[in-house]
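All remarks here apply to the structure that follows.
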Amino acid sequence: MDPTLADYLRAIFLGVVQAVTEFLPISSSGHLVLAPRLFGEETSSLTFDIGLHLGTLVAVLVYFWRDWWQITKATAADTVHHGPRLARWGAQSRLGLWLAVGTLPAIIVGVLAQDAVEERFREPAVVAVMLILFSFVIDFGDRRGGDDRRIEGMGVRRSLLIGAAQALALVPGVSRSGATITAARLVGFERPSAARFSFLLSAPVILGAGIFKVTDAVSGGEQVMWGPLFAGALTSAIVGALVIRGLLRYLVTRTLRVFVWYRIALGLVVLGAVAAGIL
């Protein structure tokens, strides 16, 4: 079946939604649970899922390409020259290690609980409740968090704690970036460093989710519409890079309070729509 203009417009719209909500602490999975209810079930097809994950992955890789290059180069050099003697590794090599450690909880929880989450938590009412409840967690962490630690001071324990918070974002409405930024704030990191580590940490998870979606598409025999897929991916990549840049600049002088209010307002609207039978 050839894609229609509506398919392309839907892909572009979802690309914007995915990019904005993936990197801002307002829950991309929550918004993408609500989207099919408002714009038709076609919006939840694997064609769009694959394109959106591909686009946000490209945004993280391209925006932070210098970081990825330095991490890869330094890790390879320190592995050859120092082996497992981590005390002799440089800052970039250790950052690569902390990112790997921080990814482990999401991998473990994803393998063990992904199906249960898909079955039990992808409902508008659940999304609304989590949007509201986790707003208070984000606000508390942002207000009580420290401002004296930069990303170079991560370490194994802190990266595991942030990774565990990332695993919570499997539940729609929590927000992956919201959970990881909040956890980083609570263990003492300044806002820009917390956001930067959150964005870097997202790349392996987004890659894993994309591979999972591709596997689903292949095994399920779904026809992938390549045109809309690339339209959604391109939109998601461009908007995602702009959102990353904007949020990092925003957090230099501002708090997360505006996102807290947005989450609460959206959660209340969704609960009202559920009560009225609209959703």
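Ligands are numbered from 1 in the order shown, residues from 1 within each chain, and chains are lettered A, B, ... in the order they appear in the structure tokens.
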Hey, could you make a per-residue contact list for stretch 155-225 of chain A against stretch 63-68 of chain A with 10 Å as the cut-off, showing the nearest pair of atoms and its distance in Å to one decimal, counting only C-alpha atoms, sorted by chain and number, as a Markdown table?
```
| residue | atom | partner | partner_atom | distance |
| --- | --- | --- | --- | --- |
| A:Arg196 | CA | A:Phe64 | CA | 9.2 |
| A:Phe199 | CA | A:Phe64 | CA | 8.9 |
| A:Leu200 | CA | A:Phe64 | CA | 7.7 |
```
How close does stretch 135-175 of chain A get to stretch 75-91 of chain A? List, as JSON lines, each residue of stretch 135-175 of chain A within 12 Å, its nearest atom pair and the distance in Å to one decimal, counting only C-alpha atoms.
```
{"residue": "A:Arg150", "atom": "CA", "partner": "A:Ala91", "partner_atom": "CA", "distance": 11.6}
{"residue": "A:Ile151", "atom": "CA", "partner": "A:Ala91", "partner_atom": "CA", "distance": 9.5}
{"residue": "A:Glu152", "atom": "CA", "partner": "A:Ala91", "partner_atom": "CA", "distance": 6.3}
{"residue": "A:Gly153", "atom": "CA", "partner": "A:Ala91", "partner_atom": "CA", "distance": 9.0}
{"residue": "A:Met154", "atom": "CA", "partner": "A:Ala91", "partner_atom": "CA", "distance": 10.0}
{"residue": "A:Gly155", "atom": "CA", "partner": "A:Ala91", "partner_atom": "CA", "distance": 10.6}
{"residue": "A:Val156", "atom": "CA", "partner": "A:Leu86", "partner_atom": "CA", "distance": 11.4}
```
* Asked: Would you give me, as a count of residues only, the residues in stretch 5-171 of chain A that DSSP reads as helix (DSSP H, G or I)?
  -> 141
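Here the question is which of A:Gly178, A:Gly163, A:Pro192, A:Gly232 gets nearest to A:Arg249 using only C-alpha atoms, and that residue is A:Pro192.
Distances here use only C-alpha atoms; by that measure, the residue among A:Thr4, A:Thr182, A:Thr103, A:Thr215 closest to A:Leu160 is A:Thr103.
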For A:Gly227, find every residue with an atom within 9 Å (counting only C-alpha atoms), except residues of its own chain fewer than 3 positions away, and show them as a short mmCIF file (atom, residue, chain, number, x, y, z; two decimals) with C-alpha atoms, in the first residue's frame.
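Written output follows (out-v1.cif):
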```cif
data_model
loop_
_atom_site.label_atom_id
_atom_site.label_comp_id
_atom_site.auth_asym_id
_atom_site.auth_seq_id
_atom_site.Cartn_x
_atom_site.Cartn_y
_atom_site.Cartn_z
CA PRO A 3 1.60 6.04 1.66
CA ASP A 7 0.61 9.40 6.34
CA TYR A 8 3.39 11.91 5.71
CA VAL A 224 6.85 -0.60 6.65
CA PHE A 230 12.09 8.78 6.91
CA ALA A 231 9.87 11.87 7.09
CA GLY A 232 9.20 11.19 10.76
#
```
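The list of residues with at least one atom within 10 Å of A:Ala209, based on only C-alpha atoms and without residues fewer than 6 positions apart in the same chain, reads Asp49, Ile50, His53, Leu54, Ile107, Gly110, Ala203 and Thr215 of chain A.
Going from atom CA of A:Ala11 over to atom CA of A:Gln114, you cover 24.6 Å.
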Would you pick out the contacts of A:Gly141 at 12 Å or less, using only C-alpha atoms, so that residues sharing its chain but fewer than 2 positions from it are not included, and give the list as a CSV table (one decimal) with C-alpha atoms, in the first residue's frame?
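Result file is part-v6.csv:
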```csv
chain,number,residue,atom,x,y,z
A,134,PHE,CA,5.9,12.3,39.1
A,135,SER,CA,5.6,16.1,38.7
A,136,PHE,CA,6.0,16.4,42.5
A,137,VAL,CA,9.1,14.2,42.3
A,138,ILE,CA,10.7,16.3,39.6
A,139,ASP,CA,9.9,19.5,41.5
A,143,ARG,CA,14.6,22.3,44.3
A,144,ARG,CA,16.5,20.1,46.8
A,145,GLY,CA,19.3,19.0,44.4
A,146,GLY,CA,22.8,20.2,44.7
A,147,ASP,CA,24.7,22.5,42.3
A,178,GLY,CA,12.6,13.8,33.9
A,179,ALA,CA,13.6,10.7,35.9
A,180,THR,CA,17.3,10.9,35.0
A,181,ILE,CA,17.7,14.7,35.5
A,182,THR,CA,15.9,14.5,38.8
A,183,ALA,CA,18.1,11.6,40.0
A,184,ALA,CA,21.2,13.4,38.9
A,185,ARG,CA,20.0,16.6,40.8
A,186,LEU,CA,19.4,14.6,43.9
A,187,VAL,CA,22.9,13.2,44.0
A,188,GLY,CA,24.4,16.7,43.6
A,189,PHE,CA,24.7,17.6,40.0
A,190,GLU,CA,24.1,21.1,38.6
A,191,ARG,CA,21.2,21.3,36.1
A,194,ALA,CA,22.4,16.5,34.9
A,255,THR,CA,14.5,25.6,36.9
A,256,LEU,CA,12.2,22.8,35.8
A,257,ARG,CA,9.1,24.4,37.3
A,260,VAL,CA,6.1,20.6,36.3
```
* Residue neighbourhood stretch 14-25 of chain A, 6 Å, only C-alpha atoms, exclusion window fewer than 2 positions, as JSON, numbers by chain -> {"A": [11, 12, 27, 28, 52, 175, 177, 178, 232, 235, 236, 239, 240]}
Keeping only C-alpha atoms, write those residues as a compact mmCIF listing (two decimals), in the first residue's frame.
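Writing done, so here's result.txt:
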```txt
# COMPACT_ATOMS: atom_id res chain seq x y z
CA ALA A 11 4.72 11.16 10.53
CA ILE A 12 5.88 14.78 10.64
CA SER A 27 7.14 11.91 28.92
CA SER A 28 7.32 10.92 25.27
CA LEU A 52 10.62 8.31 15.65
CA SER A 175 9.48 10.66 31.57
CA SER A 177 14.63 12.64 30.89
CA GLY A 178 12.61 13.79 33.90
CA GLY A 232 9.20 11.19 10.76
CA THR A 235 11.62 15.68 11.62
CA SER A 236 12.41 14.01 14.92
CA VAL A 239 13.55 19.08 16.19
CA GLY A 240 15.30 16.85 18.73
```
